[in-house]
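Everything below concerns the one structure shown next.
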Amino acid sequence: MKLKEVVELLGADLAFGTDSQLAEEVQTAAASDLMSDILARVDVPELLLTRLNNSQVMRTSAVFGIKAVVIVRGRAVDEKMIEIAQEEEIVLLTTPASLFESCGKLYAQGLRSAQPSTDSSRS
Amino acid sequence: MKLSEIVAALDLEVRAGADHLDREVTGAYASDLLSDVMGHASEGALWITLQVHQNIVAVAVMKSLAGIVLVKNREPDEATMRKAEEEEIPLLISSLGAFELAGKLFGMGLSGS
Amino acid sequence: MEPRYGKTQELLYELKIEQVMRTDVVTIASDATMSELREILREHSISGVPVVDGDELVGLASIEDLIRWLSSREPDCAVHEQMTRDPECLHADQPLVHALRRFDESGFGRFPIVERASGRMVGILTKGGIIEGVLRKLEREFKEEEIRAYRVSHIFEDLLADYKEIYLTYNVPGKDFDRAGSASTRMKRNLKRLGIRPDIIHRLAIASYEAEMNVVIYTDGGTMEYRISPHEVILRVRDRGPGISDVEEALRPGWSTAEPWVRDLGFGAGMGLPNIKKCADKLEIDSHPGRGTTLKMRIFTGEADEAQ
């Protein structure tokens, strides 16, 4: 689904995201509150759902190549997070929904977890 | 919905509390932050997490949760299993990640609040 | 480099209709009225919509149909009385050049796009959509070209020396959580510009970031030095921290001395060092309790067989 559809589905507020970013498709997602867990994955999800709202969430997403971050439970984002989102071209959303409910709704719309890529081909 | 139905439907492995699967599950909560679960999970909820430290059992007891599901085949510590058995907290394991597990439970009709 | 017009033509063959069509199609029911059509066109600022009967596409209603109806001064009527019936459809998997030809030949403003196998409508294509799609693709290719010009192999080829390397250093202040990770993200951008393979950048960025977080969390600060040579990147992370008492033990997943506030930030689960080890081709840890730690990791970039 398109990121703008994610915004609608989760009743989310857009903290940062350009129109062309919001027109991008996402197919994979992950939910975690442990950045170390994200970093140890072999798969890269396009969307990250978390309750954490600190700048490390954004840095981790930048390092890992995540396209969009959804902060759940209506937790506020600060200036620094928005600044990194802008710099690193990451869409940043906040939703009042819980992590469980957000995952449930996105899963129902066809989003899945990322599959470990076995493709080590040169690009 | 009974916990045993969820265990069967999602093919969960039971590591502790096998005698307490007839509990009614009233909702679900996904979080890896103990303080968050302490603050927001409601009684009777099934907790989805990747934390395996024994403190998760204490949190589940204090919040009267229906049980704990560890994601991505995480194995609990020895101490965690012992404590869960003592405290009668079902400790389950899923091969799925938190996102997909939450997705499937939501699809079965569990609510998030 | 080929001239641009050649490139554009090439793109029209290369791009498929499904890559540029709009998928969020606004439709109107065949029994809706013409005044409802006017509202829909105005609300979405579009010039035409597919007319559907349930799921089935039965026609196209455009601003031209609307004007014709308005000027005839006839009473309000159902859209299906004024629409263009059995509109020509294109297939989603056809090349863009085919669509362009049909626009020219027919003079139509839009085509419904259907999936070849099912005949189901999956999108709509306008001339504006084609232009947008081509521009987007051109922009992407231009960026890639720019990166190619920067490629580390080119830089190394252009410089004359017996031994060449690029040396970059970053200072990492301890306990500064707002800036924590900025060395690694800046470095990641550099590596992209240098045209290092994406999977290698990914591993390097993760190893670098984990190491940087360790410096920020556990020490009063340190430095990160990257040596980029034609075949490998060596990263040395030095800190003035307390040191690691048992390196072997620290590499065991789950081992951690992190305090709760670190865990609340999403770190300190004892996954950092094992992850660094997994990402690096070689890892050496030199640590002296009380004097600090130096991590040295090597990652082979495979640039040698990449350079042409």
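The chains in the structure tokens are called A, B, ... from first to last as shown; in each chain the residues are counted from 1, and the ligands are counted from 1 in the order shown.
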Practice problem: When you get a sec, could you note down which chain A residues fall within 8 Å of chain B, using only C-alpha atoms, as JSON, numbers by chain? | Solution: {"A": [29, 30, 31, 32, 33, 34, 51, 98, 99, 100, 101, 103, 104, 105, 106, 107, 108, 112, 113]}
Considering only C-alpha atoms, give me a table of residues in chain A that are at most 7 Å from chain C, with the closest atom pair and distance in Å for each, as JSON lines.
```
{"residue": "A:Asp33", "atom": "CA", "partner": "C:Gly266", "partner_atom": "CA", "distance": 5.9}
{"residue": "A:Leu34", "atom": "CA", "partner": "C:Gly266", "partner_atom": "CA", "distance": 4.2}
{"residue": "A:Met35", "atom": "CA", "partner": "C:Gly266", "partner_atom": "CA", "distance": 4.9}
{"residue": "A:Ser36", "atom": "CA", "partner": "C:Phe267", "partner_atom": "CA", "distance": 5.6}
{"residue": "A:Leu39", "atom": "CA", "partner": "C:Ile206", "partner_atom": "CA", "distance": 6.5}
{"residue": "A:Ala40", "atom": "CA", "partner": "C:Asn275", "partner_atom": "CA", "distance": 5.8}
{"residue": "A:Ser55", "atom": "CA", "partner": "C:Asp178", "partner_atom": "CA", "distance": 6.1}
{"residue": "A:Arg59", "atom": "CA", "partner": "C:Gly181", "partner_atom": "CA", "distance": 6.0}
{"residue": "A:Ala62", "atom": "CA", "partner": "C:Thr185", "partner_atom": "CA", "distance": 6.7}
{"residue": "A:Val63", "atom": "CA", "partner": "C:Ala205", "partner_atom": "CA", "distance": 5.8}
{"residue": "A:Phe64", "atom": "CA", "partner": "C:His202", "partner_atom": "CA", "distance": 6.8}
{"residue": "A:Arg122", "atom": "CA", "partner": "C:Arg197", "partner_atom": "CA", "distance": 6.9}
{"residue": "A:Ser123", "atom": "CA", "partner": "C:Arg197", "partner_atom": "CA", "distance": 6.8}
```
Quiz item: Could you write out, as a PyMOL selection string, all the residues of chain A that DSSP marks as helix (DSSP H, G or I)?
Solution: chain A and resi 3-9+19-22+35-39+55-64+79-87+99-108
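Proximity to Val70 (chain A) at 6 Å, evaluated using only C-alpha atoms and with sequence-adjacent residues fewer than 4 positions away removed, yields Leu49, Leu93 and Thr94 of chain A.
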Take the selection from the previous step and output its residues with C-alpha atoms, as a PDB file, in the first residue's frame.
```
ATOM      1  CA  LEU A  49       6.465   0.655  14.111  1.00  0.00           C
ATOM      2  CA  LEU A  93       4.252   9.496  11.439  1.00  0.00           C
ATOM      3  CA  THR A  94       2.575   9.418  14.816  1.00  0.00           C
TER       4      THR A  94
END
```
Quiz item: Interatomic distance between CA of Pro76 (chain B) and CA of Trp261 (chain C)?
Solution: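 Between CA of Pro76 (chain B) and CA of Trp261 (chain C) the gap works out to 22.5 Å.
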Quiz prompt | Shell around region 96-111 of chain C at 12 Å using only C-alpha atoms, local window under 3 positions removed, as a ChimeraX atom specification | solution = /C:8-22,25,46-50,57,59-64,84,86-93,114,121-131,133-134
Quiz prompt | strand (DSSP E) residues, from DSSP on the backbone, in chain B, as a ChimeraX atom specification | solution = /B:13-16,27-30,45-49,67-70,91-93
Practice problem: Calculate how many Å separate CA of Ile67 (chain C) from CA of Gly54 (chain C), rounding to one decimal. | Solution: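 Between these atoms lies a distance of 25.8 Å.
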Practice problem: Please identify all polymer residues within 8 Å of Leu34 (chain B), counting only C-alpha atoms, omitting same-chain residues fewer than 4 positions from it, and present them as a count of residues only. | Solution: 3
Exercise. Record the distance separating CA of Ala211 (chain C) and CA of His53 (chain B), expressed in Å with one decimal.
Key: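 Rounded to one decimal, the two atoms are 23.8 Å apart.
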Self-check item: 8 Å contact set for Val25 (chain B), only C-alpha atoms, chain neighbours under 2 positions out, as an MDAnalysis selection string
Solution: chainID B and resid 1:3 23 27:28 44:46 66
Expected file contents, prior selection, N, CA and C atoms, as a PDB file, in the first residue's frame:
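See selection.pdb below for the written result:
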```pdb
ATOM      1  N   MET B   1     -11.955 -15.346  24.060  1.00  0.00           N
ATOM      2  CA  MET B   1     -11.200 -16.428  23.424  1.00  0.00           C
ATOM      3  C   MET B   1     -10.253 -17.054  24.450  1.00  0.00           C
ATOM      4  N   LYS B   2     -10.202 -18.380  24.429  1.00  0.00           N
ATOM      5  CA  LYS B   2      -9.318 -19.041  25.389  1.00  0.00           C
ATOM      6  C   LYS B   2      -7.881 -19.065  24.868  1.00  0.00           C
ATOM      7  N   LEU B   3      -6.944 -19.010  25.789  1.00  0.00           N
ATOM      8  CA  LEU B   3      -5.533 -19.026  25.413  1.00  0.00           C
ATOM      9  C   LEU B   3      -5.203 -20.302  24.619  1.00  0.00           C
ATOM     10  N   ARG B  23      -7.261 -20.096  30.328  1.00  0.00           N
ATOM     11  CA  ARG B  23      -7.553 -18.698  30.653  1.00  0.00           C
ATOM     12  C   ARG B  23      -8.189 -17.947  29.507  1.00  0.00           C
ATOM     13  N   GLY B  27      -7.520  -9.417  25.349  1.00  0.00           N
ATOM     14  CA  GLY B  27      -6.948  -8.451  24.428  1.00  0.00           C
ATOM     15  C   GLY B  27      -5.483  -8.777  24.229  1.00  0.00           C
ATOM     16  N   ALA B  28      -4.770  -7.891  23.569  1.00  0.00           N
ATOM     17  CA  ALA B  28      -3.343  -8.141  23.383  1.00  0.00           C
ATOM     18  C   ALA B  28      -2.565  -6.846  23.495  1.00  0.00           C
ATOM     19  N   GLY B  44      -5.681  -9.415  31.721  1.00  0.00           N
ATOM     20  CA  GLY B  44      -6.175 -10.446  30.812  1.00  0.00           C
ATOM     21  C   GLY B  44      -5.598 -10.364  29.409  1.00  0.00           C
ATOM     22  N   ALA B  45      -4.703  -9.395  29.166  1.00  0.00           N
ATOM     23  CA  ALA B  45      -4.121  -9.252  27.830  1.00  0.00           C
ATOM     24  C   ALA B  45      -2.997 -10.266  27.616  1.00  0.00           C
ATOM     25  N   LEU B  46      -2.807 -10.617  26.356  1.00  0.00           N
ATOM     26  CA  LEU B  46      -1.691 -11.468  25.978  1.00  0.00           C
ATOM     27  C   LEU B  46      -0.564 -10.545  25.539  1.00  0.00           C
ATOM     28  N   ALA B  66      -2.727 -12.504  30.698  1.00  0.00           N
ATOM     29  CA  ALA B  66      -3.133 -13.884  30.425  1.00  0.00           C
ATOM     30  C   ALA B  66      -1.921 -14.756  30.100  1.00  0.00           C
TER      31      ALA B  66
END
```
All residues 8 Å or closer to Ala114 (chain A), only C-alpha atoms, same chain fewer than 4 positions away omitted, as a PDB file with C-alpha atoms, in the first residue's frame:
```pdb
ATOM      1  CA  THR A  28       6.941  -4.843   4.521  1.00  0.00           C
ATOM      2  CA  ALA A  29       6.872  -3.786   8.156  1.00  0.00           C
ATOM      3  CA  ALA A  30       8.368  -4.622  11.532  1.00  0.00           C
ATOM      4  CA  ASP A  43      15.913  -8.360   6.558  1.00  0.00           C
ATOM      5  CA  VAL A  44      15.203  -4.669   6.062  1.00  0.00           C
ATOM      6  CA  PRO A  45      11.575  -3.677   6.648  1.00  0.00           C
ATOM      7  CA  GLU A  46      10.297  -0.631   4.776  1.00  0.00           C
TER       8      GLU A  46
END
```
Self-check item: Distance criterion (only C-alpha atoms): nearest to chain C out of B:Arg74, B:Arg82, B:Lys63, B:His20
Solution: B:Arg74
